[in-house]
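Only one structure is covered here, and it is reproduced in the block below.
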Amino acid sequence: MPHIERTAHVGWDGNLARGAGTLDAQSGAFARLPFSLPSRVGDPGGKTSPEELLAAAHGGCLTMSVAGELTGAGTPPERIDLDCTIVMDEVEGQGHQIVGSQVAIVVRADGVDEASLQEAVAQAHAGCPFSQLLERAGAEVSITARLA
């Protein structure tokens with residue numbers, strides 16, 4: 001895989017408690033996504049958070065990795081549905097930290113049995129840069145996978 005760089009711009013107005021920001025992708029894929037402290041720690045109210053964006057990034061990366069593993073095994077998926085939940089919690093002496101990523105995957109693919117699905121998911125996890133980043137940082141990545 002080639003060297004990859006992607007850029008996002010973040011703007012923030014105000015203090016932490018009452019301020020708000022926006023996120024823009026250099027690619028133009030999203031623009032002015034609103035976020036704030038209340039959307040991060042409470043009711044999102046239609047705004048996003050860094051943790052939600054990390055969940056989307058981890059989920060997107062892992063989905064592509066599973067698709068690649070299944071395709072490489074000669075059983076390309078028809079559909080993959082994945083839910084990813086990033087967990088942030090208070091860690092003694094370290095403040096709030098990302099402590100986990102909980103992933104649930106449902107795959108529809110002809111010719112795939114339960115054992116081959118679990119093998120493909122394990123290989124996909126091992127090859128997913130976001131899974132590896134999270135684990136190297138000390139977060140627990142838990143993945144369940146089932147056939148549709």
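For the structure tokens, the naming scheme is as follows: chains receive sequential letters (A, B, ...) according to their order of presentation, residues are indexed from 1 within each chain, and ligands are indexed from 1 in presentation order.
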
Between stretch 62-102 of chain A and stretch 41-45 of chain A, at 12 Å or less, what are the per-residue closest atom pairs and their distances in Å? Count only C-alpha atoms, order by chain and rising residue number, and return it as a Markdown table.
```
| residue | atom | partner | partner_atom | distance |
| --- | --- | --- | --- | --- |
| A:Val87 | CA | A:Val41 | CA | 11.5 |
| A:Met88 | CA | A:Val41 | CA | 9.7 |
| A:Asp89 | CA | A:Val41 | CA | 10.7 |
| A:His96 | CA | A:Val41 | CA | 11.0 |
```

Would you mind exporting N, CA and C atoms of the selected residues as a PDB file, in the first residue's frame?
```
ATOM      1  N   VAL A  87     -15.252   3.202  23.327  1.00  0.00           N
ATOM      2  CA  VAL A  87     -15.520   3.389  24.750  1.00  0.00           C
ATOM      3  C   VAL A  87     -14.423   4.256  25.356  1.00  0.00           C
ATOM      4  N   MET A  88     -14.832   5.367  25.969  1.00  0.00           N
ATOM      5  CA  MET A  88     -13.906   6.223  26.700  1.00  0.00           C
ATOM      6  C   MET A  88     -14.310   6.167  28.166  1.00  0.00           C
ATOM      7  N   ASP A  89     -13.315   6.055  29.031  1.00  0.00           N
ATOM      8  CA  ASP A  89     -13.607   5.956  30.457  1.00  0.00           C
ATOM      9  C   ASP A  89     -12.489   6.626  31.243  1.00  0.00           C
ATOM     10  N   HIS A  96      -9.426  10.784  31.271  1.00  0.00           N
ATOM     11  CA  HIS A  96     -10.264  10.051  30.315  1.00  0.00           C
ATOM     12  C   HIS A  96      -9.395   9.491  29.199  1.00  0.00           C
TER      13      HIS A  96
END
```

*Could you give me, as an MDAnalysis selection string, the residues within 6 Å of stretch 97-106 of chain A, counting only C-alpha atoms and dropping anything in the same chain fewer than 3 positions from it?*
chainID A and resid 80:89 139:148

*asked:* For a quick check of understanding, using only C-alpha atoms, which of A:Gly59, A:Pro38, A:Gly111, A:Pro50 has the smallest distance to A:Pro76?
replied: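 Of A:Gly59, A:Pro38, A:Gly111, A:Pro50, the one nearest A:Pro76 is A:Gly111, counting only C-alpha atoms.
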
_Residue nearest A:Arg108 among A:Gly93, A:Gly21, A:Pro77, A:Gly14 (counting only C-alpha atoms)_ =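 Nearest candidate to A:Arg108 out of A:Gly93, A:Gly21, A:Pro77, A:Gly14: A:Pro77.
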
*Using only C-alpha atoms, which of A:Thr22, A:Ser39, A:Asn15, A:Ser65 sits nearest A:Ala120?*
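The shortest atom-to-atom distance to A:Ala120 comes from A:Ser65.
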
*Pick out the residues sitting within 7 Å of A:Leu23, and hand them over as a ChimeraX atom specification; count only C-alpha atoms, and ignore anything fewer than 2 positions along from it in its own chain.*
/A:8-11,21,25,31-34

Prev. selection, C-alpha atoms, output as a short mmCIF file (atom, residue, chain, number, x, y, z; two decimals), in the first residue's frame:
```cif
data_model
loop_
_atom_site.label_atom_id
_atom_site.label_comp_id
_atom_site.auth_asym_id
_atom_site.auth_seq_id
_atom_site.Cartn_x
_atom_site.Cartn_y
_atom_site.Cartn_z
CA ALA A 8 -9.08 17.42 8.20
CA HIS A 9 -9.51 20.99 9.35
CA VAL A 10 -10.95 21.73 12.78
CA GLY A 11 -12.21 25.13 13.86
CA GLY A 21 -16.36 23.46 16.65
CA ALA A 25 -12.47 17.02 5.29
CA ALA A 31 -17.95 19.81 5.72
CA ARG A 32 -18.80 21.74 8.85
CA LEU A 33 -19.64 18.69 10.99
CA PRO A 34 -20.54 20.29 14.32
#
```

*asked:* Using DSSP secondary structure from the backbone, list all helix (DSSP H, G or I) positions within stretch 53-83 of chain A, as a ChimeraX atom specification.
replied: /A:53-72

File of the preceding selection, C-alpha atoms, as a compact mmCIF listing (two decimals), in the first residue's frame:
```txt
# COMPACT_ATOMS: atom_id res chain seq x y z
CA LEU A 53 -15.47 9.73 14.20
CA LEU A 54 -12.96 7.19 15.55
CA ALA A 55 -15.74 4.56 15.62
CA ALA A 56 -16.52 5.36 11.98
CA ALA A 57 -12.85 5.21 11.02
CA HIS A 58 -12.23 1.91 12.81
CA GLY A 59 -15.44 0.42 11.43
CA GLY A 60 -14.72 1.57 7.89
CA CYS A 61 -11.18 0.22 7.94
CA LEU A 62 -12.22 -3.12 9.43
CA THR A 63 -15.10 -3.50 6.95
CA MET A 64 -12.74 -3.05 4.01
CA SER A 65 -10.28 -5.47 5.59
CA VAL A 66 -12.99 -8.15 6.05
CA ALA A 67 -14.15 -7.63 2.46
CA GLY A 68 -10.56 -8.05 1.29
CA GLU A 69 -10.03 -11.25 3.26
CA LEU A 70 -13.30 -12.80 2.04
CA THR A 71 -12.60 -11.77 -1.55
CA GLY A 72 -9.08 -13.18 -1.35
```

*What is the distance between atom CA of A:Ser36 and atom CA of A:Glu92, in Å to one decimal?*
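It comes out at 24.8 Å.
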
*asked:* I'd like to know which residues of stretch 14-129 of chain A are strand (DSSP E) (by DSSP, run on the backbone); could you write them as a PyMOL selection string?
replied: chain A and resi 20-25+33-35+79-91+95-108

*Would you work out the distance separating atom CA of A:Ala122 from atom CA of A:Gly138, expressed in Å to one decimal?*
18.5 Å
